[in-house]
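J.: The structure's right below; bear with me while I get my questions together.
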Amino acid sequence: FYTSGRTSNEAAFLYQLFVRAFGTNNLPDCSNMCHESSGMGLGETVGIGKGSVTLDDIHEADTIIVMGQNPGTNHPRMLTALQKAKKNGAKIIAINPLPEAGLMGFINPKSPAQVLSGGTSIADLFLQVQINGDVPLLKAMMCLMLEREASAPGTVFDEDFIGLYTEGFDALRAHLEAQRIDALIEASGVTRAELEQAIDIILRSRKTIVCWAMGLTQHKNGVGNVREIVNFLLMRGSIGVPGAGTCPVRGHSNVQGDRTMGIHDRPSQAFLDRLQEAVGFDPPREHDFNTVEAIQAMLDGRAKLFFAMGGNFLQATPDTQRTAEALRKTDMIVHVSTKLNRGHLVHGRQAIILPCLARSEIDDQAYGEQFVTVENSMGVVHSSRGHLKPAHPGLYSESSIVAWLAEKVLGPENPVSWCWYIENYDRIRDLIEKAIPGFERFNERVREPGGFHLYNGARERKFNTDTGKAKFTINPAPDLTLPEGSFRMMTIRTHDQYNTTVYGNDDRYRGIRGGRRVVFMNEADMREAGFEAGARVDLRNDFGGEVRTAPRFTVVPYPIPRRCVGTYFPEANVLVPLEHYAEGSYTPASKDVTVRLSLSS
């Protein structure tokens, strides 16, 4: 039972309730493929799998570090927040393999003055890290900070914060002191002078925020990447104070809310206990399939039904050909969708598409027009109300579809009055209030302008770990050696794209027109390989002895680090092995895939 991040809180809560009443925790979702590494890394170190900052914190920050993220294309609203921070005096450090236009400068299209003036220069410093060089970079920075602390004790680390709120610092210090700084700097791909410049900026501030996205999470060491960010912030006492903290930036409008509502293949026992008390049945306790495991289960014939609550599973997942094979092996596939997509063409013996209301459409139920709620990346729960006439009078909402299915499948013996909840969504929210902490007076607070913030312990320096303290961790730098003639490939998105939805074949920020099957290469690598600009090449991955090929990609010269190449998602997903995922989180490692390139025949 898959879920995309567009599902509302109300629909997601009913959905997971139906699935658990049916008898399983098979609830993979888009979080598995994106920010699962963030949730795990943050949960282990600061006790909550969400970021600790609010929008106001970004406006108040002295230093903002943007890592593995391209807000110009993927999070354009964030650019406005960064622009305001700059106006308030913040310095911004961008760390990314590509010099993205949205990181270098920003013109707010709503501001005529900015259009005329050329807008705001976003990044004060750009560190061009090589693909997956983030841990070496952060580790090198912390080593250099140790050197500065030794020469001027008490000026670099927040010793009071470290002593009172954290544990494990002495072990991390010993680990850093044993590192070869020059080797770390070389592995990062940046220069020592650039790192020293970054540290100069950081040490002028106690209010530092680190923002990141899938450029850090979609690696084999994705969880370690996130934990290393936490190490860096904890050293400076930059968690739990205004203008400072962790900021994983998510894409879908409710990917964070889905998880809060219980869309999780590995639910906590505490959550299941509260759910049982609220609804009157004992939900299953064993952990089940995440996205990678679900694909493998379908391949093995252990999973017979695939039900998708939104999304484009085929295009979003890794190893496209094997995922297609897995879907074709099912007895039935059901899609609840607002629009058709290519994934609907690949199915099992039977296939059903249930068209549903979009969130922008009016949802009229027995008690009148209804609204739903979502949770954004900052932990704010707010309302979302449709205003458009439905595309067809016979469309059901996602919540209605779930309720009708649950009533038919589970029968009258189930204690939940499914369709009664659909008459008035306030009733769903009352049930959520009973089952999930933080939603007290849900119906009242969500009607307030702007909604409300969910409680976040890390924001108040209350760390919900087993010891009650934030944890420093030791994260080995990844082995970045490559076989001779190979490249490290990452997948990226175009400007005219939102997740798997592609609106056009242009990528104006990167100068691409009329096509998406392109591979960005360093010009020196092109010369060495004998490729001209515009050459057609095949990309091949040989992971696990299985050859995966993406044919006829056009070579585009681009300022990308040596031995690194960039390709578009989802066209290059076929090269991402199903078994190549982040340790612990199972997030597909789409940002670090070893490939070879050869001229197309």
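Chain lettering (A, B, ...) mirrors the order of the structure tokens, residue numbering begins at 1 for each chain separately, and ligand numbering begins at 1 in order of display.
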Determine, for each residue of region 346-380 of chain A having at least one atom at most 8 Å from an atom of region 384-406 of chain A, the closest pair of atoms and their separation in Å to one decimal, counting only C-alpha atoms; order by chain and ascending number, as a Markdown table.
T.:
| residue | atom | partner | partner_atom | distance |
| --- | --- | --- | --- | --- |
| A:Pro355 | CA | A:Leu395 | CA | 6.7 |
| A:Cys356 | CA | A:Tyr396 | CA | 5.2 |
| A:Leu357 | CA | A:Ser397 | CA | 4.9 |
| A:Ala358 | CA | A:Ser397 | CA | 7.6 |
| A:Arg359 | CA | A:Gly386 | CA | 5.7 |
| A:Ser360 | CA | A:Gly386 | CA | 4.1 |
| A:Glu361 | CA | A:Gly386 | CA | 4.3 |
| A:Ile362 | CA | A:Gly386 | CA | 4.4 |
| A:Asp363 | CA | A:Gly386 | CA | 6.7 |
| A:Gln370 | CA | A:Arg385 | CA | 7.2 |
| A:Phe371 | CA | A:Arg385 | CA | 4.6 |
| A:Val372 | CA | A:Ser384 | CA | 5.3 |
| A:Thr373 | CA | A:Ser384 | CA | 5.5 |
| A:Val374 | CA | A:Ser384 | CA | 7.1 |
J.: Go ahead and save the residues from that selection, with N, CA, C and O atoms, as a PDB file, in the first residue's frame.
T.:
ATOM      1  N   PRO A 355      -9.993   7.483 -10.421  1.00  0.00           N
ATOM      2  CA  PRO A 355      -9.764   8.933 -10.469  1.00  0.00           C
ATOM      3  C   PRO A 355     -10.348   9.600  -9.230  1.00  0.00           C
ATOM      4  O   PRO A 355     -11.421   9.211  -8.743  1.00  0.00           O
ATOM      5  N   CYS A 356      -9.650  10.579  -8.704  1.00  0.00           N
ATOM      6  CA  CYS A 356     -10.103  11.219  -7.464  1.00  0.00           C
ATOM      7  C   CYS A 356     -10.039  12.731  -7.594  1.00  0.00           C
ATOM      8  O   CYS A 356      -9.426  13.274  -8.517  1.00  0.00           O
ATOM      9  N   LEU A 357     -10.662  13.397  -6.639  1.00  0.00           N
ATOM     10  CA  LEU A 357     -10.600  14.851  -6.582  1.00  0.00           C
ATOM     11  C   LEU A 357      -9.165  15.303  -6.335  1.00  0.00           C
ATOM     12  O   LEU A 357      -8.443  14.703  -5.538  1.00  0.00           O
ATOM     13  N   ALA A 358      -8.757  16.357  -7.017  1.00  0.00           N
ATOM     14  CA  ALA A 358      -7.506  17.027  -6.659  1.00  0.00           C
ATOM     15  C   ALA A 358      -7.756  17.909  -5.449  1.00  0.00           C
ATOM     16  O   ALA A 358      -8.900  18.300  -5.169  1.00  0.00           O
ATOM     17  N   ARG A 359      -6.689  18.213  -4.735  1.00  0.00           N
ATOM     18  CA  ARG A 359      -6.862  19.029  -3.539  1.00  0.00           C
ATOM     19  C   ARG A 359      -7.346  20.440  -3.888  1.00  0.00           C
ATOM     20  O   ARG A 359      -7.919  21.145  -3.060  1.00  0.00           O
ATOM     21  N   SER A 360      -7.136  20.866  -5.130  1.00  0.00           N
ATOM     22  CA  SER A 360      -7.573  22.197  -5.567  1.00  0.00           C
ATOM     23  C   SER A 360      -9.055  22.243  -5.909  1.00  0.00           C
ATOM     24  O   SER A 360      -9.602  23.312  -6.166  1.00  0.00           O
ATOM     25  N   GLU A 361      -9.727  21.074  -5.903  1.00  0.00           N
ATOM     26  CA  GLU A 361     -11.139  21.012  -6.260  1.00  0.00           C
ATOM     27  C   GLU A 361     -12.027  20.988  -5.015  1.00  0.00           C
ATOM     28  O   GLU A 361     -11.623  20.499  -3.954  1.00  0.00           O
ATOM     29  N   ILE A 362     -13.229  21.499  -5.166  1.00  0.00           N
ATOM     30  CA  ILE A 362     -14.185  21.570  -4.055  1.00  0.00           C
ATOM     31  C   ILE A 362     -14.596  20.156  -3.651  1.00  0.00           C
ATOM     32  O   ILE A 362     -14.962  19.329  -4.487  1.00  0.00           O
ATOM     33  N   ASP A 363     -14.504  19.880  -2.363  1.00  0.00           N
ATOM     34  CA  ASP A 363     -14.845  18.567  -1.803  1.00  0.00           C
ATOM     35  C   ASP A 363     -16.125  18.719  -0.990  1.00  0.00           C
ATOM     36  O   ASP A 363     -16.112  19.148   0.157  1.00  0.00           O
ATOM     37  N   GLN A 370     -15.746  20.601   2.510  1.00  0.00           N
ATOM     38  CA  GLN A 370     -14.739  20.202   3.479  1.00  0.00           C
ATOM     39  C   GLN A 370     -13.373  20.779   3.116  1.00  0.00           C
ATOM     40  O   GLN A 370     -13.119  21.132   1.967  1.00  0.00           O
ATOM     41  N   PHE A 371     -12.516  20.857   4.110  1.00  0.00           N
ATOM     42  CA  PHE A 371     -11.114  21.196   3.862  1.00  0.00           C
ATOM     43  C   PHE A 371     -10.245  20.102   4.465  1.00  0.00           C
ATOM     44  O   PHE A 371     -10.697  19.324   5.305  1.00  0.00           O
ATOM     45  N   VAL A 372      -8.995  20.047   4.019  1.00  0.00           N
ATOM     46  CA  VAL A 372      -8.043  19.077   4.569  1.00  0.00           C
ATOM     47  C   VAL A 372      -6.844  19.840   5.116  1.00  0.00           C
ATOM     48  O   VAL A 372      -6.782  21.070   5.043  1.00  0.00           O
ATOM     49  N   THR A 373      -5.888  19.116   5.682  1.00  0.00           N
ATOM     50  CA  THR A 373      -4.709  19.747   6.263  1.00  0.00           C
ATOM     51  C   THR A 373      -3.443  19.068   5.757  1.00  0.00           C
ATOM     52  O   THR A 373      -3.469  17.912   5.322  1.00  0.00           O
ATOM     53  N   VAL A 374      -2.347  19.809   5.824  1.00  0.00           N
ATOM     54  CA  VAL A 374      -1.028  19.288   5.448  1.00  0.00           C
ATOM     55  C   VAL A 374      -0.005  19.821   6.450  1.00  0.00           C
ATOM     56  O   VAL A 374      -0.271  20.768   7.195  1.00  0.00           O
TER      57      VAL A 374
END
J.: Using the chain letters and numbers from this document, which residues of region 305-500 of chain A does DSSP assign to strand (DSSP E or B), as JSON, numbers by chain?
T.: {"A": [305, 306, 307, 308, 309, 332, 333, 334, 335, 336, 337, 350, 351, 352, 353, 354, 355, 356, 361, 363, 364, 365, 368, 369, 370, 372, 373, 374, 375, 380, 381, 382, 383, 384, 388, 396, 452, 453, 470, 471, 487, 488, 489, 490, 491, 492, 497, 498]}
J.: May I have the residues within 12 Å of Gln296 (chain A) as number ranges by chain, using only C-alpha atoms and disregarding those fewer than 4 positions away in the same chain?
T.: A: 289-292, 300-304, 318-319, 322-327, 329-330, 577-579
J.: Let me make sure I understand: among A:Ser417, A:Ser188, A:Ser253, A:Ser238, which one has the smallest atom-to-atom distance to Phe18 (chain A) if we use only C-alpha atoms?
T.: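 Once distances to Phe18 (chain A) are computed over only C-alpha atoms, the minimum belongs to A:Ser417.
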J.: Would you work out the distance separating CA of Thr501 (chain A) from CA of Gly343 (chain A), expressed in Å to one decimal?
T.: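 These atoms are spaced 11.5 Å apart.
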J.: List the neighbours of Glu423 (chain A) out to 6 Å using only C-alpha atoms; skip same-chain residues closer than 5 positions along the sequence, and give me the result as a list in words.
T.: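 The contact residues come out as Gln365, Ala366 and Tyr367 of chain A.
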J.: Pull all heavy atoms from the residues just selected and write them as a short mmCIF file (atom, residue, chain, number, x, y, z; two decimals), in the first residue's frame.
T.:
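The result, written out as out27.cif:
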data_model
loop_
_atom_site.label_atom_id
_atom_site.label_comp_id
_atom_site.auth_asym_id
_atom_site.auth_seq_id
_atom_site.Cartn_x
_atom_site.Cartn_y
_atom_site.Cartn_z
N GLN A 365 -19.26 17.21 0.93
CA GLN A 365 -19.74 16.01 1.61
C GLN A 365 -21.07 16.30 2.30
O GLN A 365 -21.66 17.37 2.11
CB GLN A 365 -18.68 15.53 2.62
CG GLN A 365 -17.33 15.21 2.00
CD GLN A 365 -17.36 14.01 1.07
OE1 GLN A 365 -18.29 13.19 1.09
NE2 GLN A 365 -16.34 13.90 0.21
N ALA A 366 -21.55 15.38 3.10
CA ALA A 366 -22.89 15.50 3.70
C ALA A 366 -23.04 16.76 4.53
O ALA A 366 -24.13 17.35 4.59
CB ALA A 366 -23.17 14.27 4.56
N TYR A 367 -21.96 17.20 5.19
CA TYR A 367 -22.03 18.40 6.02
C TYR A 367 -21.48 19.63 5.30
O TYR A 367 -21.06 20.59 5.92
CB TYR A 367 -21.27 18.18 7.34
CG TYR A 367 -22.07 17.42 8.37
CD1 TYR A 367 -22.47 16.11 8.16
CD2 TYR A 367 -22.42 18.03 9.57
CE1 TYR A 367 -23.21 15.41 9.10
CE2 TYR A 367 -23.17 17.34 10.53
CZ TYR A 367 -23.56 16.03 10.28
OH TYR A 367 -24.29 15.34 11.22
#
J.: Among region 234-451 of chain A, which residues does DSSP mark as helix (DSSP H, G or I) when it is run on the backbone? Keep the chain and numbering as in the structure and answer as a PyMOL selection string.
T.: chain A and resi 234-235+255-260+269-279+291-300+313-316+320-328+342-345+398-410+418-423+425-435+442-445
J.: Write a file of the selected residues as a PDB file, in the first residue's frame, keeping C-alpha atoms.
T.:
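Writing done, so here's out_38.pdb:
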ATOM      1  CA  LEU A 234      26.411  20.610  17.801  1.00  0.00           C
ATOM      2  CA  MET A 235      30.045  21.762  18.008  1.00  0.00           C
ATOM      3  CA  VAL A 255       5.464  14.107   2.578  1.00  0.00           C
ATOM      4  CA  GLN A 256       6.247  15.075   6.179  1.00  0.00           C
ATOM      5  CA  GLY A 257       2.596  14.995   7.218  1.00  0.00           C
ATOM      6  CA  ASP A 258       2.116  11.498   5.820  1.00  0.00           C
ATOM      7  CA  ARG A 259       4.801  10.184   8.150  1.00  0.00           C
ATOM      8  CA  THR A 260       3.338  12.067  11.108  1.00  0.00           C
ATOM      9  CA  GLN A 269       5.231   0.544  19.419  1.00  0.00           C
ATOM     10  CA  ALA A 270       4.169   3.748  21.181  1.00  0.00           C
ATOM     11  CA  PHE A 271       2.337   4.910  18.037  1.00  0.00           C
ATOM     12  CA  LEU A 272       0.589   1.551  17.656  1.00  0.00           C
ATOM     13  CA  ASP A 273      -0.443   1.577  21.325  1.00  0.00           C
ATOM     14  CA  ARG A 274      -2.063   5.003  20.950  1.00  0.00           C
ATOM     15  CA  LEU A 275      -3.762   3.910  17.742  1.00  0.00           C
ATOM     16  CA  GLN A 276      -5.201   0.847  19.442  1.00  0.00           C
ATOM     17  CA  GLU A 277      -6.560   2.930  22.305  1.00  0.00           C
ATOM     18  CA  ALA A 278      -8.138   5.447  19.895  1.00  0.00           C
ATOM     19  CA  VAL A 279      -9.842   3.027  17.474  1.00  0.00           C
ATOM     20  CA  THR A 291       9.876   0.760  -1.058  1.00  0.00           C
ATOM     21  CA  VAL A 292      13.005  -1.226  -1.970  1.00  0.00           C
ATOM     22  CA  GLU A 293      11.716  -4.298  -0.110  1.00  0.00           C
ATOM     23  CA  ALA A 294       8.280  -3.942  -1.726  1.00  0.00           C
ATOM     24  CA  ILE A 295       9.791  -4.057  -5.217  1.00  0.00           C
ATOM     25  CA  GLN A 296      11.804  -7.132  -4.283  1.00  0.00           C
ATOM     26  CA  ALA A 297       8.730  -8.774  -2.742  1.00  0.00           C
ATOM     27  CA  MET A 298       6.799  -8.274  -5.992  1.00  0.00           C
ATOM     28  CA  LEU A 299       9.732  -9.660  -7.983  1.00  0.00           C
ATOM     29  CA  ASP A 300       9.817 -12.723  -5.727  1.00  0.00           C
ATOM     30  CA  PHE A 313       5.777   4.674  -8.574  1.00  0.00           C
ATOM     31  CA  LEU A 314       7.434   3.343 -11.723  1.00  0.00           C
ATOM     32  CA  GLN A 315       9.150   6.635 -12.569  1.00  0.00           C
ATOM     33  CA  ALA A 316      10.059   7.559  -9.000  1.00  0.00           C
ATOM     34  CA  THR A 320      13.252   1.002 -13.804  1.00  0.00           C
ATOM     35  CA  GLN A 321      13.297  -2.243 -15.785  1.00  0.00           C
ATOM     36  CA  ARG A 322      13.266  -4.447 -12.688  1.00  0.00           C
ATOM     37  CA  THR A 323      10.565  -2.319 -11.066  1.00  0.00           C
ATOM     38  CA  ALA A 324       8.442  -2.715 -14.215  1.00  0.00           C
ATOM     39  CA  GLU A 325       9.025  -6.469 -14.091  1.00  0.00           C
ATOM     40  CA  ALA A 326       7.968  -6.496 -10.434  1.00  0.00           C
ATOM     41  CA  LEU A 327       4.730  -4.629 -11.158  1.00  0.00           C
ATOM     42  CA  ARG A 328       3.884  -6.975 -14.035  1.00  0.00           C
ATOM     43  CA  ARG A 342       3.210   6.475 -17.734  1.00  0.00           C
ATOM     44  CA  GLY A 343       3.297   4.246 -14.686  1.00  0.00           C
ATOM     45  CA  HIS A 344      -0.339   3.321 -15.335  1.00  0.00           C
ATOM     46  CA  LEU A 345       0.743   1.508 -18.510  1.00  0.00           C
ATOM     47  CA  GLU A 398      -9.089  10.300  -1.478  1.00  0.00           C
ATOM     48  CA  SER A 399     -10.570  10.076   2.007  1.00  0.00           C
ATOM     49  CA  SER A 400     -13.910   8.906   0.589  1.00  0.00           C
ATOM     50  CA  ILE A 401     -12.251   6.224  -1.534  1.00  0.00           C
ATOM     51  CA  VAL A 402     -10.370   4.883   1.481  1.00  0.00           C
ATOM     52  CA  ALA A 403     -13.494   4.868   3.638  1.00  0.00           C
ATOM     53  CA  TRP A 404     -15.617   3.053   1.071  1.00  0.00           C
ATOM     54  CA  LEU A 405     -12.905   0.468   0.461  1.00  0.00           C
ATOM     55  CA  ALA A 406     -12.421  -0.101   4.182  1.00  0.00           C
ATOM     56  CA  GLU A 407     -16.142  -0.532   4.775  1.00  0.00           C
ATOM     57  CA  LYS A 408     -16.475  -3.083   1.945  1.00  0.00           C
ATOM     58  CA  VAL A 409     -13.250  -4.981   2.614  1.00  0.00           C
ATOM     59  CA  LEU A 410     -13.381  -5.135   6.414  1.00  0.00           C
ATOM     60  CA  TRP A 418     -15.587   4.558   8.176  1.00  0.00           C
ATOM     61  CA  CYS A 419     -18.219   6.423   6.164  1.00  0.00           C
ATOM     62  CA  TRP A 420     -19.426   8.354   9.212  1.00  0.00           C
ATOM     63  CA  TYR A 421     -16.037  10.069   9.272  1.00  0.00           C
ATOM     64  CA  ILE A 422     -16.425  11.179   5.658  1.00  0.00           C
ATOM     65  CA  GLU A 423     -19.610  13.152   6.348  1.00  0.00           C
ATOM     66  CA  TYR A 425     -13.724  15.808   8.122  1.00  0.00           C
ATOM     67  CA  ASP A 426     -13.732  17.414  11.578  1.00  0.00           C
ATOM     68  CA  ARG A 427     -14.516  13.897  12.797  1.00  0.00           C
ATOM     69  CA  ILE A 428     -11.335  12.559  11.192  1.00  0.00           C
ATOM     70  CA  ARG A 429      -9.355  15.321  12.847  1.00  0.00           C
ATOM     71  CA  ASP A 430     -10.952  14.504  16.217  1.00  0.00           C
ATOM     72  CA  LEU A 431      -9.739  10.927  15.789  1.00  0.00           C
ATOM     73  CA  ILE A 432      -6.251  12.122  14.794  1.00  0.00           C
ATOM     74  CA  GLU A 433      -6.221  14.229  17.958  1.00  0.00           C
ATOM     75  CA  LYS A 434      -6.839  11.116  20.049  1.00  0.00           C
ATOM     76  CA  ALA A 435      -4.159   9.038  18.348  1.00  0.00           C
ATOM     77  CA  PHE A 442      -6.750  20.161  16.249  1.00  0.00           C
ATOM     78  CA  ASN A 443      -9.958  21.502  14.729  1.00  0.00           C
ATOM     79  CA  GLU A 444      -9.695  24.745  16.630  1.00  0.00           C
ATOM     80  CA  ARG A 445      -6.010  25.469  16.003  1.00  0.00           C
TER      81      ARG A 445
END
J.: Go through A:Ala582, A:Met214, A:Leu137, A:Leu575 and flag the residue nearest Gly68 (chain A), using only C-alpha atoms for the distances.
T.: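 Answer, going by the shortest atom-to-atom distance: A:Met214.
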J.: Using CA of Glu448 (chain A) and CA of His382 (chain A) as the two end points, give the distance in Å to one decimal.
T.: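 Pair CA of Glu448 (chain A) / CA of His382 (chain A) returns 8.5 Å.
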J.: In Å, with one decimal, what is the gap from CA of Gly310 (chain A) to CA of Asn254 (chain A)?
T.: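 For CA of Gly310 (chain A) relative to CA of Asn254 (chain A), the distance reads 12.0 Å.
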J.: Can you list, as a ChimeraX atom specification, every protein, DNA or RNA residue that comes within 10 Å of Arg459 (chain A) when you count only C-alpha atoms, leaving out same-chain residues fewer than 2 positions away?
T.: /A:46,48,51-54,239-242,244-246,455-457,461-463
J.: A:Ala535, A:Ile201, A:Ile560, A:Cys211: which is nearest Gly189 (chain A), counting only C-alpha atoms?
T.: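 The answer is A:Ile560, which sits nearest to Gly189 (chain A).
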